[in-house]
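Notes for the one structure printed next.
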Amino acid sequence: MSESKQIKKRLVWLVSYPKSGNTWIRLFLSALLNKGQPDINGGLGAIYSSYLPESILDLDMDGLSLFDKHHYRIKAYEYLNEQINSYQFIKVHDSYIDPDLGLGLLPVKSTNLCVYIVRNPLAIAPSLANHMNESIDFVIKKYLTNPKARLSINTKKPSGQMEQFLGTWQSHVRSWTSQTDVPVLVIKYEELKSEPLSTFRSLVEALGLSYGDSQIQEAIDNSSFEKMQDLERKIGFVERPYTSRFFFYKGQSDYWKEVLTKSQIDSIVEFNRDMMFKYGYLKQF
């Protein structure tokens with residue numbers, strides 16, 4: 001195929017289990033590309049589970065089968081890819097494979113890169129509980145250790161999102177890091193905290209962007225948790241769920257040590273041991 005006929009790949013997927021640092025990555029990219037404070041209420045892009053395909057394709061997805069929704073979502077983003085001339089960053093919480101569908105999630109031929117942000121599930125538990133205004137036991141049972149976990153079940157438009165299959169934390173991580181359909185860069189939340197410059201630099205380099213360390217550091221500073229927490233309290237944050245008082249809650253790697261009981265830790269580990277071992281999370285207790 002000649003160069004002129006090759007389909008450009010401009011779609012970059014920012015993927016994570018909920019409350020793993022996805023928003024932090026998007027804030028950093030907004031700060032870097034805009035050379036200043038990120039636009040927290042208008043410049044962070046869409047989520048893949050939104051009903052954006054309806055406006056792109058001018059159709060109503062209500063009542064469609066899971067397969068048809070998947071088909072049209074792929075077509076919508078393939079079309080979007082052909083219309084843009086720069087990267088489009090899209091947030092994703094879905095597992096790569098929905099067992100009820102058995103197909104890969106993304107438009108492969110339009111995908112430039114998937115950035116998978118992995119975070120200790122022990123740290124996710126209290127953060128997700130705050131996000132949903134539920135107990136830690138609830139989110140452990142319904143999400144982190146539930147092989148059938150799903151988000152946005154039976155939500156309605158226009159404020160809702162399409163249903164998203166999650167599965168356990170372990171199955172979610174494995175679904176993205178073991179697939180070979182699309183390239184994946186794995187970034188650990190904990191390394192964003194402990195080694196921000198080198199970790200964010202790896203993202204910039206993977207995207208082929210030309211920014212020096214001083215520019216990367218400036219974007220890190222402009223998108224810091226403390227600044228975003230202060231900004232949310234001043235102007236609000238459009239992605240804050242109505243169930244939560246604040247979106248930017250703790251932002252700590254080890255807060256779970258203060259709030260999780262031994263039985264809660266044991267439950268999370270039981271269902272997620274292999275991937276926790278792989279990413280070094282079993283060494284922390």
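By convention here, the chains of the structure tokens are called A, B, ... in the order presented, each chain's residues are numbered starting at 1, and ligands are numbered starting at 1 in the order presented.
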Per residue of range 18-86 of chain A within 12 Å of range 137-155 of chain A, note the shortest atom pair and the distance in Å to one decimal, counting only C-alpha atoms, and order the rows by chain and increasing residue number, as CSV.
```
residue,atom,partner,partner_atom,distance
A:Pro18,CA,A:Leu151,CA,9.7
A:Lys19,CA,A:Leu144,CA,11.5
A:Ser49,CA,A:Ser152,CA,9.1
A:Ser50,CA,A:Ser152,CA,10.5
A:Tyr51,CA,A:Thr155,CA,11.6
A:Asp62,CA,A:Asn154,CA,11.0
A:Gly63,CA,A:Asn154,CA,11.4
```
Using all heavy atoms, can you export the residues from the last selection as a PDB file, in the first residue's frame?
```
ATOM      1  N   PRO A  18     -10.821   1.824  36.977  1.00  0.00           N
ATOM      2  CA  PRO A  18     -11.202   3.108  37.587  1.00  0.00           C
ATOM      3  C   PRO A  18     -10.338   3.478  38.794  1.00  0.00           C
ATOM      4  O   PRO A  18      -9.949   2.625  39.583  1.00  0.00           O
ATOM      5  CB  PRO A  18     -12.667   2.873  37.994  1.00  0.00           C
ATOM      6  CG  PRO A  18     -13.157   1.848  37.035  1.00  0.00           C
ATOM      7  CD  PRO A  18     -11.980   0.941  36.793  1.00  0.00           C
ATOM      8  N   LYS A  19     -10.036   4.763  38.901  1.00  0.00           N
ATOM      9  CA  LYS A  19      -9.275   5.355  40.014  1.00  0.00           C
ATOM     10  C   LYS A  19      -7.829   4.862  40.050  1.00  0.00           C
ATOM     11  O   LYS A  19      -7.273   4.562  41.102  1.00  0.00           O
ATOM     12  CB  LYS A  19      -9.958   5.102  41.359  1.00  0.00           C
ATOM     13  CG  LYS A  19     -11.417   5.556  41.418  1.00  0.00           C
ATOM     14  CD  LYS A  19     -11.606   6.997  40.954  1.00  0.00           C
ATOM     15  CE  LYS A  19     -10.941   7.988  41.883  1.00  0.00           C
ATOM     16  NZ  LYS A  19     -11.146   9.404  41.412  1.00  0.00           N
ATOM     17  N   SER A  49     -16.726   5.040  26.391  1.00  0.00           N
ATOM     18  CA  SER A  49     -18.071   4.541  26.679  1.00  0.00           C
ATOM     19  C   SER A  49     -19.151   5.604  26.488  1.00  0.00           C
ATOM     20  O   SER A  49     -20.330   5.340  26.728  1.00  0.00           O
ATOM     21  CB  SER A  49     -18.132   4.014  28.116  1.00  0.00           C
ATOM     22  OG  SER A  49     -17.753   5.034  29.032  1.00  0.00           O
ATOM     23  N   SER A  50     -18.758   6.809  26.075  1.00  0.00           N
ATOM     24  CA  SER A  50     -19.755   7.864  25.858  1.00  0.00           C
ATOM     25  C   SER A  50     -20.593   7.556  24.625  1.00  0.00           C
ATOM     26  O   SER A  50     -20.294   6.647  23.841  1.00  0.00           O
ATOM     27  CB  SER A  50     -19.070   9.219  25.679  1.00  0.00           C
ATOM     28  OG  SER A  50     -18.456   9.294  24.404  1.00  0.00           O
ATOM     29  N   TYR A  51     -21.634   8.365  24.429  1.00  0.00           N
ATOM     30  CA  TYR A  51     -22.496   8.190  23.259  1.00  0.00           C
ATOM     31  C   TYR A  51     -22.058   9.056  22.084  1.00  0.00           C
ATOM     32  O   TYR A  51     -22.842   9.374  21.206  1.00  0.00           O
ATOM     33  CB  TYR A  51     -23.946   8.489  23.641  1.00  0.00           C
ATOM     34  CG  TYR A  51     -24.610   7.329  24.358  1.00  0.00           C
ATOM     35  CD1 TYR A  51     -24.537   7.219  25.737  1.00  0.00           C
ATOM     36  CD2 TYR A  51     -25.272   6.337  23.651  1.00  0.00           C
ATOM     37  CE1 TYR A  51     -25.123   6.152  26.403  1.00  0.00           C
ATOM     38  CE2 TYR A  51     -25.866   5.268  24.298  1.00  0.00           C
ATOM     39  CZ  TYR A  51     -25.786   5.177  25.680  1.00  0.00           C
ATOM     40  OH  TYR A  51     -26.362   4.117  26.332  1.00  0.00           O
ATOM     41  N   ASP A  62     -29.875   3.326  21.144  1.00  0.00           N
ATOM     42  CA  ASP A  62     -30.795   2.686  22.078  1.00  0.00           C
ATOM     43  C   ASP A  62     -31.390   1.434  21.447  1.00  0.00           C
ATOM     44  O   ASP A  62     -31.827   1.431  20.298  1.00  0.00           O
ATOM     45  CB  ASP A  62     -31.936   3.644  22.441  1.00  0.00           C
ATOM     46  CG  ASP A  62     -31.544   4.596  23.551  1.00  0.00           C
ATOM     47  OD1 ASP A  62     -30.458   4.425  24.110  1.00  0.00           O
ATOM     48  OD2 ASP A  62     -32.317   5.524  23.842  1.00  0.00           O
ATOM     49  N   GLY A  63     -31.421   0.367  22.198  1.00  0.00           N
ATOM     50  CA  GLY A  63     -32.045  -0.864  21.727  1.00  0.00           C
ATOM     51  C   GLY A  63     -31.160  -1.733  20.861  1.00  0.00           C
ATOM     52  O   GLY A  63     -31.562  -2.849  20.505  1.00  0.00           O
TER      53      GLY A  63
END
```
Write out, as a Markdown table, each residue of range 172-239 of chain A that has an atom at most 7 Å from range 107-115 of chain A, together with the closest pair of atoms and their distance in Å to one decimal, counting only C-alpha atoms, rows going by chain and rising number.
```
| residue | atom | partner | partner_atom | distance |
| --- | --- | --- | --- | --- |
| A:Asp181 | CA | A:Val108 | CA | 6.6 |
| A:Val182 | CA | A:Val108 | CA | 6.2 |
| A:Pro183 | CA | A:Leu113 | CA | 5.4 |
| A:Val184 | CA | A:Cys114 | CA | 4.7 |
| A:Leu185 | CA | A:Val115 | CA | 4.8 |
| A:Val186 | CA | A:Val115 | CA | 6.0 |
```
Give the helix (DSSP H, G or I) residues of range 106-193 of chain A, as DSSP finds them on the backbone, and put them as an MDAnalysis selection string.
chainID A and resid 108:110 121:132 136:144 169:177 189:193
Which is closer to Tyr17 in chain A than all the others in A:Tyr96, A:Tyr77, A:Trp169, A:Tyr87, using only C-alpha atoms?
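Among the listed residues, A:Trp169 lies closest to Tyr17 in chain A.
Residues of range 48-247 of chain A that DSSP places in strand (DSSP E or B), based on the backbone of this structure, are A:Gln88, A:Phe89, A:Ile90, A:Lys91, A:Val92, A:Ile97, A:Gly104, A:Thr111, A:Asn112, A:Leu113, A:Cys114, A:Val115, A:Tyr116, A:Ile117, A:Val118, A:Arg150, A:Leu151, A:Gln164, A:Phe165, A:Val184, A:Leu185, A:Val186, A:Ile187, A:Lys188.
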Restricting the calculation to only C-alpha atoms, which member of A:Thr261, A:Leu32, A:Asn22, A:Gln161 is positioned closest to Ser214 in chain A?
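For Ser214 in chain A, the nearest of the given residues is A:Leu32.
The environment of Asp100 in chain A within 10 Å, counting only C-alpha atoms and disregarding residues fewer than 5 places along the same chain, consists of A:Leu66, A:Phe67, A:Phe165.
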With N, CA, C and O atoms retained, could you export that selection as a CSV table (one decimal), in the first residue's frame?
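Generated output (selection.csv):
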```csv
chain,number,residue,atom,x,y,z
A,66,LEU,N,-25.4,-5.7,21.9
A,66,LEU,CA,-24.1,-5.5,22.3
A,66,LEU,C,-23.1,-5.5,21.1
A,66,LEU,O,-22.2,-4.7,20.9
A,67,PHE,N,-23.3,-6.5,20.2
A,67,PHE,CA,-22.5,-6.6,19.0
A,67,PHE,C,-22.7,-5.4,18.1
A,67,PHE,O,-21.7,-4.8,17.6
A,165,PHE,N,-17.6,-3.5,30.6
A,165,PHE,CA,-17.2,-4.7,31.3
A,165,PHE,C,-15.8,-4.4,31.9
A,165,PHE,O,-14.9,-4.0,31.2
```
Would you list the contacts of Asp274 in chain A as a PyMOL selection string, taking every protein, DNA or RNA residue within 9 Å and counting only C-alpha atoms, but skipping same-chain residues closer than 5 positions in sequence?
chain A and resi 170+269+279
Since we have the selection now, will you write its residues out, keeping N, CA and C atoms, as a CSV table (one decimal), in the first residue's frame?
```csv
chain,number,residue,atom,x,y,z
A,170,GLN,N,-7.3,-7.9,38.3
A,170,GLN,CA,-6.3,-8.8,37.7
A,170,GLN,C,-6.7,-9.1,36.2
A,269,VAL,N,-6.2,-9.7,47.6
A,269,VAL,CA,-5.1,-10.5,47.2
A,269,VAL,C,-5.5,-11.8,46.6
A,279,TYR,N,3.5,-7.0,39.3
A,279,TYR,CA,3.8,-5.6,39.4
A,279,TYR,C,4.4,-5.1,40.7
```
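You can rank A:Lys9, A:Phe200, A:Leu29, A:Asn130 by their closest distance to Ile84 in chain A using only C-alpha atoms, and at the top of that list sits A:Lys9.
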Near-Tyr211 in chain A list (12 Å; only C-alpha atoms; drop same-chain fewer than 4 positions) as a VMD selection string:
chain A and resid 29 32 to 33 35 197 200 to 207 215 to 219
May I have the selected residues written with all heavy atoms, as a short mmCIF file (atom, residue, chain, number, x, y, z; two decimals), in the first residue's frame?
```cif
data_model
loop_
_atom_site.label_atom_id
_atom_site.label_comp_id
_atom_site.auth_asym_id
_atom_site.auth_seq_id
_atom_site.Cartn_x
_atom_site.Cartn_y
_atom_site.Cartn_z
N LEU A 29 -1.08 15.69 29.89
CA LEU A 29 -1.03 15.90 28.44
C LEU A 29 -1.67 17.24 28.06
O LEU A 29 -1.18 17.94 27.18
CB LEU A 29 -1.73 14.75 27.72
CG LEU A 29 -0.97 13.42 27.74
CD1 LEU A 29 -1.86 12.28 27.24
CD2 LEU A 29 0.31 13.50 26.92
N LEU A 32 0.86 19.87 28.99
CA LEU A 32 2.02 19.85 28.09
C LEU A 32 1.68 20.44 26.73
O LEU A 32 2.41 21.31 26.22
CB LEU A 32 2.49 18.40 27.92
CG LEU A 32 3.74 18.19 27.05
CD1 LEU A 32 4.97 18.74 27.77
CD2 LEU A 32 3.91 16.72 26.71
N LEU A 33 0.59 20.00 26.14
CA LEU A 33 0.23 20.43 24.79
C LEU A 33 -0.25 21.87 24.75
O LEU A 33 -0.08 22.56 23.74
CB LEU A 33 -0.83 19.49 24.20
CG LEU A 33 -0.39 18.02 24.06
CD1 LEU A 33 -1.54 17.17 23.58
CD2 LEU A 33 0.79 17.90 23.11
N LYS A 35 0.74 24.13 26.99
CA LYS A 35 1.81 24.97 27.57
C LYS A 35 1.30 25.85 28.71
O LYS A 35 1.51 27.06 28.74
CB LYS A 35 2.47 25.82 26.49
CG LYS A 35 3.12 25.01 25.37
CD LYS A 35 3.74 25.91 24.32
CE LYS A 35 4.52 25.10 23.29
NZ LYS A 35 3.67 24.17 22.54
N LEU A 197 9.40 12.64 36.51
CA LEU A 197 10.02 13.13 35.29
C LEU A 197 10.35 11.99 34.33
O LEU A 197 9.98 12.03 33.14
CB LEU A 197 11.29 13.93 35.60
CG LEU A 197 12.02 14.50 34.37
CD1 LEU A 197 11.11 15.41 33.56
CD2 LEU A 197 13.29 15.25 34.81
N PHE A 200 6.91 10.23 33.12
CA PHE A 200 6.18 11.02 32.12
C PHE A 200 7.00 11.17 30.84
O PHE A 200 6.44 11.23 29.74
CB PHE A 200 5.81 12.39 32.69
CG PHE A 200 4.58 12.39 33.54
CD1 PHE A 200 4.66 12.59 34.91
CD2 PHE A 200 3.33 12.19 32.97
CE1 PHE A 200 3.51 12.60 35.69
CE2 PHE A 200 2.18 12.19 33.74
CZ PHE A 200 2.27 12.39 35.11
N ARG A 201 8.33 11.22 30.97
CA ARG A 201 9.16 11.29 29.77
C ARG A 201 8.97 10.05 28.90
O ARG A 201 8.95 10.14 27.66
CB ARG A 201 10.63 11.44 30.14
CG ARG A 201 11.52 11.70 28.91
CD ARG A 201 13.00 11.42 29.20
NE ARG A 201 13.51 12.29 30.23
CZ ARG A 201 14.12 11.84 31.33
NH1 ARG A 201 14.23 10.53 31.54
NH2 ARG A 201 14.59 12.67 32.23
N SER A 202 8.83 8.89 29.54
CA SER A 202 8.62 7.66 28.77
C SER A 202 7.34 7.74 27.95
O SER A 202 7.27 7.22 26.83
CB SER A 202 8.60 6.44 29.70
OG SER A 202 7.43 6.41 30.50
N LEU A 203 6.32 8.39 28.49
CA LEU A 203 5.06 8.58 27.76
C LEU A 203 5.28 9.52 26.58
O LEU A 203 4.84 9.24 25.46
CB LEU A 203 4.00 9.14 28.71
CG LEU A 203 2.71 9.65 28.07
CD1 LEU A 203 1.99 8.54 27.32
CD2 LEU A 203 1.79 10.26 29.13
N VAL A 204 5.94 10.64 26.83
CA VAL A 204 6.20 11.62 25.77
C VAL A 204 6.99 10.98 24.63
O VAL A 204 6.68 11.17 23.45
CB VAL A 204 6.94 12.84 26.35
CG1 VAL A 204 7.38 13.79 25.24
CG2 VAL A 204 6.04 13.58 27.34
N GLU A 205 8.00 10.20 24.98
CA GLU A 205 8.82 9.55 23.97
C GLU A 205 8.04 8.50 23.19
O GLU A 205 8.20 8.37 21.97
CB GLU A 205 10.05 8.92 24.63
CG GLU A 205 11.03 9.95 25.16
CD GLU A 205 12.18 9.33 25.93
OE1 GLU A 205 12.09 8.11 26.25
OE2 GLU A 205 13.15 10.04 26.25
N ALA A 206 7.17 7.76 23.87
CA ALA A 206 6.37 6.74 23.19
C ALA A 206 5.42 7.37 22.18
O ALA A 206 5.09 6.76 21.15
CB ALA A 206 5.58 5.93 24.22
N LEU A 207 4.99 8.60 22.45
CA LEU A 207 4.11 9.31 21.54
C LEU A 207 4.88 10.03 20.42
O LEU A 207 4.26 10.58 19.51
CB LEU A 207 3.27 10.33 22.31
CG LEU A 207 2.24 9.76 23.28
CD1 LEU A 207 1.66 10.86 24.15
CD2 LEU A 207 1.12 9.05 22.51
N GLN A 215 10.27 21.30 29.83
CA GLN A 215 8.86 21.42 29.43
C GLN A 215 8.02 20.33 30.08
O GLN A 215 6.88 20.57 30.50
CB GLN A 215 8.74 21.34 27.91
CG GLN A 215 9.39 22.51 27.18
CD GLN A 215 9.53 22.25 25.69
OE1 GLN A 215 10.15 21.26 25.27
NE2 GLN A 215 8.95 23.12 24.89
N ILE A 216 8.58 19.13 30.15
CA ILE A 216 7.86 18.03 30.79
C ILE A 216 7.67 18.33 32.28
O ILE A 216 6.59 18.13 32.84
CB ILE A 216 8.62 16.70 30.59
CG1 ILE A 216 8.63 16.33 29.10
CG2 ILE A 216 7.99 15.58 31.42
CD1 ILE A 216 9.53 15.15 28.77
N GLN A 217 8.72 18.82 32.92
CA GLN A 217 8.64 19.14 34.34
C GLN A 217 7.62 20.25 34.59
O GLN A 217 6.87 20.21 35.58
CB GLN A 217 10.00 19.56 34.88
CG GLN A 217 10.03 19.79 36.39
CD GLN A 217 9.67 18.55 37.17
OE1 GLN A 217 10.30 17.50 37.02
NE2 GLN A 217 8.63 18.64 38.01
N GLU A 218 7.58 21.23 33.72
CA GLU A 218 6.60 22.31 33.87
C GLU A 218 5.17 21.77 33.78
O GLU A 218 4.30 22.17 34.56
CB GLU A 218 6.81 23.38 32.79
CG GLU A 218 5.87 24.57 32.91
CD GLU A 218 6.12 25.64 31.86
OE1 GLU A 218 6.91 25.39 30.92
OE2 GLU A 218 5.53 26.73 31.97
N ALA A 219 4.94 20.84 32.85
CA ALA A 219 3.61 20.23 32.72
C ALA A 219 3.28 19.40 33.95
O ALA A 219 2.12 19.36 34.40
CB ALA A 219 3.54 19.38 31.45
#
```
Residues within 8 Å of Ser223 in chain A, only C-alpha atoms, excluding chain neighbours under 6 positions, as a list of chain:residue names:
A:Trp24, A:Leu27, A:Phe28, A:Ala31, A:Gln37, A:Pro38
Near Tyr72 in chain A, within 9 Å and counting only C-alpha atoms, which residues show up once chain neighbours fewer than 3 positions away are dropped, as a list in words?
Pro53, Glu54, Leu57, Met61, Phe67, Asp68, Lys69, Lys75, Ala76 and Tyr77 of chain A
Selection file, all heavy atoms, as a short mmCIF file (atom, residue, chain, number, x, y, z; two decimals), in the first residue's frame:
```cif
data_model
loop_
_atom_site.label_atom_id
_atom_site.label_comp_id
_atom_site.auth_asym_id
_atom_site.auth_seq_id
_atom_site.Cartn_x
_atom_site.Cartn_y
_atom_site.Cartn_z
N PRO A 53 -20.40 8.21 19.46
CA PRO A 53 -20.67 7.61 18.15
C PRO A 53 -22.03 7.98 17.56
O PRO A 53 -22.19 7.99 16.34
CB PRO A 53 -20.59 6.10 18.44
CG PRO A 53 -19.62 6.01 19.57
CD PRO A 53 -19.92 7.21 20.43
N GLU A 54 -23.00 8.29 18.41
CA GLU A 54 -24.32 8.69 17.88
C GLU A 54 -24.22 9.96 17.07
O GLU A 54 -24.81 10.08 15.99
CB GLU A 54 -25.31 8.87 19.03
CG GLU A 54 -25.73 7.58 19.69
CD GLU A 54 -26.95 7.74 20.58
OE1 GLU A 54 -27.13 8.85 21.15
OE2 GLU A 54 -27.72 6.78 20.70
N LEU A 57 -22.05 9.33 13.76
CA LEU A 57 -22.72 8.54 12.73
C LEU A 57 -24.18 8.92 12.50
O LEU A 57 -24.83 8.36 11.62
CB LEU A 57 -22.64 7.05 13.08
CG LEU A 57 -21.24 6.46 13.23
CD1 LEU A 57 -21.33 5.00 13.62
CD2 LEU A 57 -20.43 6.62 11.94
N MET A 61 -28.43 4.67 19.27
CA MET A 61 -27.93 3.36 19.67
C MET A 61 -28.80 2.67 20.69
O MET A 61 -28.52 1.54 21.09
CB MET A 61 -26.50 3.48 20.19
CG MET A 61 -25.52 3.97 19.13
SD MET A 61 -23.81 4.16 19.71
CE MET A 61 -23.29 2.45 19.82
N PHE A 67 -23.34 -6.46 20.16
CA PHE A 67 -22.52 -6.58 18.96
C PHE A 67 -22.67 -5.36 18.06
O PHE A 67 -21.67 -4.82 17.56
CB PHE A 67 -22.87 -7.84 18.18
CG PHE A 67 -22.10 -7.98 16.89
CD1 PHE A 67 -20.83 -8.55 16.89
CD2 PHE A 67 -22.63 -7.52 15.69
CE1 PHE A 67 -20.10 -8.65 15.71
CE2 PHE A 67 -21.91 -7.62 14.51
CZ PHE A 67 -20.64 -8.20 14.52
N ASP A 68 -23.91 -4.90 17.87
CA ASP A 68 -24.13 -3.75 16.99
C ASP A 68 -23.53 -2.48 17.58
O ASP A 68 -22.97 -1.64 16.86
CB ASP A 68 -25.62 -3.56 16.72
CG ASP A 68 -26.17 -4.59 15.73
OD1 ASP A 68 -25.36 -5.19 15.01
OD2 ASP A 68 -27.40 -4.79 15.71
N LYS A 69 -23.66 -2.31 18.89
CA LYS A 69 -23.05 -1.14 19.53
C LYS A 69 -21.54 -1.17 19.33
O LYS A 69 -20.91 -0.14 19.04
CB LYS A 69 -23.38 -1.11 21.02
CG LYS A 69 -24.82 -0.70 21.33
CD LYS A 69 -25.04 -0.65 22.84
CE LYS A 69 -26.46 -0.19 23.16
NZ LYS A 69 -26.71 -0.15 24.62
N LYS A 75 -16.73 1.81 13.94
CA LYS A 75 -16.88 2.60 12.72
C LYS A 75 -16.78 4.09 13.02
O LYS A 75 -16.18 4.85 12.25
CB LYS A 75 -18.21 2.28 12.04
CG LYS A 75 -18.30 0.89 11.46
CD LYS A 75 -17.25 0.68 10.38
CE LYS A 75 -17.35 -0.71 9.76
NZ LYS A 75 -16.26 -0.94 8.76
N ALA A 76 -17.38 4.53 14.13
CA ALA A 76 -17.37 5.95 14.48
C ALA A 76 -15.95 6.44 14.72
O ALA A 76 -15.56 7.51 14.24
CB ALA A 76 -18.24 6.19 15.70
N TYR A 77 -15.18 5.67 15.45
CA TYR A 77 -13.83 6.11 15.76
C TYR A 77 -12.87 5.95 14.58
O TYR A 77 -11.91 6.71 14.45
CB TYR A 77 -13.31 5.41 17.01
CG TYR A 77 -13.83 6.07 18.27
CD1 TYR A 77 -14.99 5.64 18.89
CD2 TYR A 77 -13.18 7.18 18.80
CE1 TYR A 77 -15.48 6.28 20.02
CE2 TYR A 77 -13.65 7.83 19.93
CZ TYR A 77 -14.81 7.36 20.53
OH TYR A 77 -15.29 8.00 21.64
#
```
Counting only C-alpha atoms, the option among A:Leu103, A:Ile56, A:Ala46, A:Val118 closest to His71 in chain A
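Closest candidate: A:Leu103.
One finds CA of Lys188 in chain A at 6.0 Å from CA of Arg119 in chain A.
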